[in-house]
Each structure stands twice: as C-alpha cells, then as structure tokens.
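*Asks:* Okay, here's the structure, questions in a sec.
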Amino acid sequence: MKTYGVSWRRVGRIEKTFLVFAAAWVLLALLGGYPALLVAAMMGAVITGGLTLYKITRLLLRTAIWRLRNRLIAAYLFIAVVPIVLILFLIGLAAWFVLGQMAVYLVDTELSARERTLNFVAEIIAHGQIQEQAVANRLPILQRSFTDFEILAESTDSAGTHAVHYPPESKLAAPPANWKNANGLVTRTQDGRLRLYAWAHVREGNNVVTVIAPVTHDLLANLVKGLGEVSFQKGLQNLTGRIRSRIPEASNFADFRVSFFYPVSAPAWESPEKDAGLIYLFVETRASAVLGIVFGQKEEWSERILTFLVAAAITLLLIELASLGAGVKLTRTITGAVHELYEGTQHVRQGDFTYRIPVKGDDQLAELTTSFNTMTENLSQLIVVAKEKERLESELTIAREVQNQLFPKDVPFTKTLELKGVCAPARMVSGDYYDFMALSENTLAFAIGDVAGKGISAALLMATIQSTMRTQLSASNGAGPAHFSAAKLVANLNRQLYATTAPEKYATFYFALYEDSTHSLTYTNAGHLAPMLLRGGHIQMLESTGTVVGAFPIARYQERTVALEHGDLLVAYTDGVTEPENVYGEMFGEERLKDLLIKYSGADSSELIARTMESVIQWTGSSELQDDMTMVVARRL
C-alpha cells in the first residue's frame, strides 16, 4: 500500500489531466453523442498524453541506461522508433482532417443545393401573380427537397395586402422590413429555444415571398445517405434536435470513427445585421463512408486547416530533431567497438555495402565485427541480384499491362463488314499493335502498326499511338469520312509523336475509315507494309501514302478511297508475317502470303489468320517466333 501511495503522490498535474481527458473521451465515445465535447476531449487527451509520455520516458531512462544493453536499446528507440511513431501520428492526423473535411463538404454542398431550391421557388412565385394556385404549382419542387416548410406570399396594391399561406393553417409572419433579398440559413427563437432554418426571402415590386424550412435531424441525416450523424450546434445547444445515432457500422478494424466540425454563418431572423453567434456543423461518420468521394472546401477554412497542418508538421519535426540529438548523445557513451558497429549499420542503412569495420583483437567483439563484414559483403551481392530481378519483373509486369490495354476486347459491329484481328507476340513484350473503334452506327475505324525497336519502350510508344488516335476519334465521334480526314488524323499523330518522343522512336502505321452506307474504305498508309485487297482471285496492294509517323516534324500524308465489293477481303499485317527466315536464311515473303490468302479466302477470318501463322511457324522450323506476328482481316459481307 505504501508503494502505491508514493507512486500516486508522484503523479503530476499533467498526468492527472491526461487521465481526466482520456476517461472523458472514452465515456463520450461510448455514449455516442455530444460531438463538440468529444472533439475537445480527444484533442486534450492527445496533447496531454504526449507530454505524459515524454515525462515517463525521461523517468525510465534515468534508471535504465546504466547498463550498456539498455543504452543501446534507448539509442535505437530515439533514432528509429520515435520518428516512425511521429510519422504514423502525422499520417493519422492528416487522414482525420481530410476525411472530416470531405464529410462536411458533402453535407454543406447538398444543403446549399436545397437552399438554392428554396430561393428558386421564391423567385418564381414573386415574379408572378400572388395566387393560391400559383403557390400550389410550385409545391412539388420543394417537396422533393424538404418534407416540412412554410410559405408566405404577399402582394400589396391599392386595394390592400393580399397574402397566401402554405400550409393554410400556417402562422408564418413576414420578417422585419429591413430584410432585403436573402437566402441561406437563419436562426429563430421559438418556444424559448433557438432553432435553425433554411429560408429564402424575395422582394419583387409589390410582391414579397418568404419560404422557410426547419433544419431538422431527419433532414440532415438524409442529405447524404449513409454518411453518418449530422447536426448544427451553438455551444452545447443542439439546434436541430436529436432522434437516434446514424453512424455507420465499422467495416473492419481500421475503419475508424471521424468527428469533425465546420463553422457556418446564420444571421438572426429579427435583423440581417444581427449575428446569431458562432454556429458549427458537426459530422460524425466513419472513414469507409467518405473514402473515394471527391471533396472540396471553402478557401478560408482550407487555409486554416493548412496552417494547422504546417504548424503540426513543424512541431513534429522539432521533436524528431530533439530525439535524434538525444540518440547521438547516448551512442557517444558506448564503447569503441560498439560505436564502430553503429557506424557500420549507418552505412548499410544508407545503402553503402562497401564499408568494412576495422577488426581489433581476437575476442567476441572482434568475431562480431568479422561476421558483420562478411554479412555486408553477402548483402551487397544479394542486393545486386534482387535489384536486377526486380527490374526484370517490373518490366514484364508493365509490358503485360500495356499489351492488355492495347488490343481491343470487342469488335465493332457493322452490317456489311466483318473485322478480325490477332497479335501473336514473340516474347512477353510486343511492339505490334492493332485497334478497332466504332464511330457511329455506319462508320468504324481500324488501324495496324509496328513500332521500331523492341521491349517496353516500343510497347509504351504504341500505347501512346492508341491513346492519341482514340482521343482524336472520340472528339469526332459520330462523324463520317465526309466530316474529317484520315490523312489529317495521321498527320496530327505524327506531330504529337515527334514532339513527345526521342528522334529514334517512330512507327509504321496504317489507318482506315469504313463507311457502311457507301461501302467505301478511306485509308492512309504511313510507311506500313502494303495491305492486300483480294477481289475475285486477284490481289491489289494498298501502297504507302506517306512516311512513317514520329520521325519527321513535318510530313505530308495522302488518303485514298476504295469501294469494297461483296466478297472483298482486305488483309493488313506486320513484318513478323513476311520476314521470318528458314534455316537457309530465306524469308517467308509476300508471294507465299498471297498464295495463302487465295487458298483460304473462302474460310472464315479466324481460320485464315490461324492457317497463315501456322504456315509461318512451319517455315521457320521453330516453335519460337522470330518476331511479333499481327494480322487484321476485313471481309466485305
């Protein structure tokens, strides 16, 4: 009993204050109410808790650092643990502010939209003739935003003042005459209690319209579905009433509760110059309820939050520097051998694996330093291997993602043209590309290309080509060949690639537009292998109409148009189809490809492509492709 009595008497005012704040925080969290007090208790507990932790740490260090082992532990805590804890605390604090701001922004935005609805209805009524039917016609607009509201519409003429109330039994009186046009929030005292309302007051000639709706707990809870508990408070007084808590259930252990407040302006009903005092919008929610929503905030409040975050970051930085100084001071008291080990660990932590600790003596510490030197040498070799492996895996992952996004997943449908495309990469990364895109019900575009070079850079360049072309086509969506030019599209692509890529990066590119109503194919061939048009057993080559894209800043491209007849077969391909060599160094060639097209022209497009690629593989005599093989087949139905 004596020990506990002494310990309690040694507890200072800061520790006792921390216990009071912590107990109040836990109690208010369990009760689930009074958000203003909850936030105050939380901030008090955090501040006093930090001071208490500092005092306890100092007390423990005085009695614990006499032994060398404890000194090393203390140095580690100051150098490594304290910064991590501070960073985590800063992240948590920033997350709380951001999520809180997002929550109040959602509520404030929706409430402002409903306030504008009140003002809109009031302006419509005021601009017309004040009649009961005119007011009744506008009720559905308000009922979509408010379940409870009152309207007072007055018109003054030579015969007197005519007033319309809604509901008919409403006793709403006009605000004081010094009110001009106004809308937003206003406070009124009713039955001895201050209440908050959304309202609009419009004067138009001899017409005066006042629309007022109480801001209740149910109204706030339904502003943003599933957000949580919303209320307006002035001091400890709740202006909106309270029914039950609507805070969402936690989805997991990390789904923490967020309580946040936001200052709002609400003048008094009695006079526009009279301020009702400081009123806060309180929101109690959880992180899962607000994550993923785009948020915004008022500029003044945002600056205050930013100032607070900067001040908090500076404070935490000063604590970090103080902790580092304390750690360095402790390490100076450690023996020379341990200090050398510390220096070695600092080099390793900074990535310097060439540092070697001088070995002195033949005792256990000397053996430890020898083991440390061996360990750093092995780590250096392992790091090199790990980095190389990581680089290769990263390139393969990027390549797979590029290829997955590059090729179209769906083939656009047209009544008179069938499209089929296949790309068989030689390795994990392909520099070939093809794409289809429907521009309207009667117009589609397709393309095929081959980037100079190999590897990820080629795949990324082709992704850029796809993005550029799709962006241009999307901007012209719904337009046919008569409205934009294939040659201009390719010229724009050339200029963009030249401006954003290295000089040695270029690509061959074939782009075509098909108009279903006229069966016409308008194309531009930018240095690509000439596609083959099979018609009635004869093959026509669609030769190049311009140079490659991306190589020259100014290049002229022409477009040509051919009418596709029933049964025509257009085949576009890359050099991976015609240039693979057999064991004697002979290429597959265009003539063999032409023979295959004539032979399998009656088969469907998938079989035609499969037979062609099978023949190329048989020609090379190897199961591994020498180059990427890509084919696009367009068949006129």
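Ordered as shown in the structure tokens, chains take letters A, B, and onward, while each chain numbers its residues from 1 and ligands are numbered from 1 in the order shown.
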What lies within 6 Å of Ile247 of chain A using only C-alpha atoms, ignoring chain neighbours under 6 positions off, as a ChimeraX atom specification?

*Replies:* /A:228-229,285

*Asks:* Using DSSP on the backbone coordinates, identify the residues of segment 58-276 of chain A assigned to strand (DSSP E); present them as a ChimeraX atom specification.

*Replies:* /A:150-157,160-166,182-190,193-204,207-214,228-234,237-238,257-264

*Asks:* Just checking: using only C-alpha atoms, which residue out of A:Ala22, A:Ala491, A:Leu419, A:Met532 ends up closest to Asp604 of chain A?

*Replies:*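 Of A:Ala22, A:Ala491, A:Leu419, A:Met532, the one nearest Asp604 of chain A is A:Leu419, counting only C-alpha atoms.
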
*Asks:* One decimal, in Å: what's the spacing between atom CA of Arg560 of chain A and atom CA of Asp450 of chain A?

*Replies:*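 Separating atom CA of Arg560 of chain A from atom CA of Asp450 of chain A is a distance of 20.9 Å.
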